[in-house]
Amino acid sequence: MLPVKRLTGAKQRLSPVLSEGERTELARAMLLDVLLALRHAWGLAGVAVVTEDKEARVLAREHGAALIREAEGGLNAALTAGLSTLGTYGASGALIIHGDLPLAAAGEITALIAAHPGGKAATFVPARDGGTNAMLLSPIDAMPLSYGEGSFEKHRSAALERDMAVTLLALPGLELDIDTPDDLRRLLARGACGHTMDYLLATDVATRLQQSPATSLGTEQ
């Protein structure tokens, strides 16, 4: 399950180096990279996108994803409602992954699924700053969702409190989410390929990043 906020004007913390239009295009490129990775991963019964954004819904359909209307109340409410919807279709577990992971690869998603022990379990790929970039849960209602600052520790604690089997994975492509200019610097340093890198290399973002001072801000997923 992939939640997508409004693409237009996304990633406001990148405004020191990207205009609103550029941030919109970046968000679109990252979403495409994640959708392609999910589409080619093994072990998924399907992909569902939770969004009200019109363009995101079009992209989701083009890549064979199902659509779930975004419930009001923020990310946790939207995902909880999405999991409930999946449950009505008999899903025994669900992978929650975010749309700002431009290095996401089908192989790493397949590895995450393969590492999940099944039963009452939670498998995590933490973000660099303590967020939760990817999380596979079974059953889908096994624990509450706590996305926001420091979400990984909250999710891990919730899983342990419920006697769930907890697996932590270090998957480089899923660990880098893009929220700040520093994240873009890390992405460019990796020299990867994909829609996101194609977009960045077609602009003068690299030059602007050299002129912009580094920061230590991270994500809040």
# chains A, B, ... in the order shown; residues from 1 in each chain; ligands from 1
>>> closest_atom_pairs(of="region 151-198 of chain A", to="region 37-57 of chain A", cutoff="12 Å", atoms="only C-alpha atoms", output="Markdown table")
| residue | atom | partner | partner_atom | distance |
| --- | --- | --- | --- | --- |
| A:Gly173 | CA | A:Ala37 | CA | 10.7 |
| A:Leu174 | CA | A:Ala37 | CA | 10.7 |
| A:Gly194 | CA | A:Ala37 | CA | 10.3 |
| A:His195 | CA | A:Ala37 | CA | 11.6 |
>>> residues_around(residues="Leu18 (chain A)", least_positions_apart="4", cutoff="9 Å", atoms="only C-alpha atoms", output="ChimeraX atom specification")
/A:12,14,22-23,205,208
>>> write_last_selection(atoms="N, CA and C atoms", output="tab-separated table (two decimals), in the first residue's frame")
chain	number	residue	atom	x	y	z
A	12	GLN	N	8.00	20.72	0.59
A	12	GLN	CA	8.26	22.14	0.81
A	12	GLN	C	9.64	22.40	1.42
A	14	LEU	N	12.25	21.39	0.36
A	14	LEU	CA	13.20	21.54	-0.75
A	14	LEU	C	13.09	22.90	-1.43
A	22	GLU	N	9.11	22.61	-9.86
A	22	GLU	CA	10.17	21.60	-9.85
A	22	GLU	C	9.91	20.57	-8.77
A	23	ARG	N	9.41	21.01	-7.63
A	23	ARG	CA	9.10	20.05	-6.57
A	23	ARG	C	7.96	19.13	-6.97
A	205	VAL	N	19.92	21.40	-10.84
A	205	VAL	CA	19.78	21.19	-9.39
A	205	VAL	C	21.15	20.96	-8.75
A	208	ARG	N	22.80	24.19	-8.02
A	208	ARG	CA	22.14	24.90	-6.92
A	208	ARG	C	22.45	24.26	-5.57
>>> closest_atom_pairs(of="region 130-154 of chain A", to="region 72-78 of chain A", cutoff="8 Å", atoms="only C-alpha atoms", output="tab-separated table")
residue	atom	partner	partner_atom	distance
A:Leu145	CA	A:Asn76	CA	5.8
A:Ser146	CA	A:Asn76	CA	6.4
A:Tyr147	CA	A:Asn76	CA	6.2
>>> write_last_selection(atoms="N, CA and C atoms", output="mmCIF file, in the first residue's frame")
data_model
loop_
_atom_site.group_PDB
_atom_site.id
_atom_site.type_symbol
_atom_site.label_atom_id
_atom_site.label_comp_id
_atom_site.auth_asym_id
_atom_site.auth_seq_id
_atom_site.Cartn_x
_atom_site.Cartn_y
_atom_site.Cartn_z
ATOM 1 N N LEU A 145 -0.851 2.369 13.765
ATOM 2 C CA LEU A 145 0.156 3.083 12.990
ATOM 3 C C LEU A 145 0.508 4.396 13.671
ATOM 4 N N SER A 146 1.798 4.744 13.633
ATOM 5 C CA SER A 146 2.279 5.940 14.342
ATOM 6 C C SER A 146 3.246 6.738 13.479
ATOM 7 N N TYR A 147 2.887 6.959 12.219
ATOM 8 C CA TYR A 147 3.761 7.737 11.350
ATOM 9 C C TYR A 147 3.854 9.171 11.849
#
>>> closest_residue(among="A:Thr207, A:Ser151, A:Asn133, A:Thr8", to="Pro172 (chain A)", atoms="only C-alpha atoms")
A:Asn133
>>> closest_atom_pairs(of="region 136-191 of chain A", to="region 113-130 of chain A", cutoff="6 Å", atoms="only C-alpha atoms", output="Markdown table")
| residue | atom | partner | partner_atom | distance |
| --- | --- | --- | --- | --- |
| A:Leu136 | CA | A:Thr123 | CA | 5.1 |
| A:Leu137 | CA | A:Ala122 | CA | 4.7 |
| A:Ser138 | CA | A:Lys120 | CA | 5.4 |
| A:Gly150 | CA | A:Gly130 | CA | 5.1 |
| A:Phe152 | CA | A:Gly130 | CA | 5.5 |
| A:Met164 | CA | A:Ala121 | CA | 4.7 |
| A:Ala165 | CA | A:Ala121 | CA | 4.4 |
| A:Val166 | CA | A:Ala122 | CA | 5.0 |
| A:Thr167 | CA | A:Thr123 | CA | 4.6 |
| A:Leu168 | CA | A:Phe124 | CA | 5.0 |
| A:Leu169 | CA | A:Val125 | CA | 5.2 |
| A:Glu175 | CA | A:Ala127 | CA | 4.9 |
>>> write_last_selection(atoms="C-alpha atoms", output="tab-separated table (two decimals), in the first residue's frame")
chain	number	residue	atom	x	y	z
A	136	LEU	CA	5.30	-5.19	6.26
A	137	LEU	CA	2.61	-6.21	8.74
A	138	SER	CA	0.72	-9.41	9.28
A	150	GLY	CA	10.45	9.00	15.35
A	152	PHE	CA	10.24	3.60	13.64
A	164	MET	CA	5.00	-9.82	17.19
A	165	ALA	CA	8.10	-11.21	15.51
A	166	VAL	CA	10.18	-8.14	14.57
A	167	THR	CA	12.64	-8.09	11.66
A	168	LEU	CA	14.85	-5.10	10.82
A	169	LEU	CA	16.40	-4.83	7.38
A	175	GLU	CA	16.60	3.81	3.33
>>> closest_residue(among="A:Leu171, A:Gln211, A:Pro144, A:Gly131", to="Ala105 (chain A)", atoms="only C-alpha atoms")
A:Leu171
>>> select_by_dssp(residues="region 84-125 of chain A", states="strand (DSSP E)", output="PDB file with C-alpha atoms, in the first residue's frame")
ATOM      1  CA  ALA A  94       0.264  -5.565   3.861  1.00  0.00           C
ATOM      2  CA  LEU A  95       3.404  -3.717   2.876  1.00  0.00           C
ATOM      3  CA  ILE A  96       3.314   0.031   3.513  1.00  0.00           C
ATOM      4  CA  ILE A  97       5.886   1.928   1.479  1.00  0.00           C
ATOM      5  CA  ALA A 121       5.012 -10.243  12.536  1.00  0.00           C
ATOM      6  CA  ALA A 122       6.379  -6.867  11.504  1.00  0.00           C
ATOM      7  CA  THR A 123       9.305  -6.299   9.144  1.00  0.00           C
ATOM      8  CA  PHE A 124      10.823  -2.813   8.973  1.00  0.00           C
ATOM      9  CA  VAL A 125      13.177  -0.761   6.834  1.00  0.00           C
TER      10      VAL A 125
END
>>> closest_residue(among="A:Ala189, A:Met1, A:Leu184, A:Ala202", to="Val17 (chain A)", atoms="only C-alpha atoms")
A:Leu184
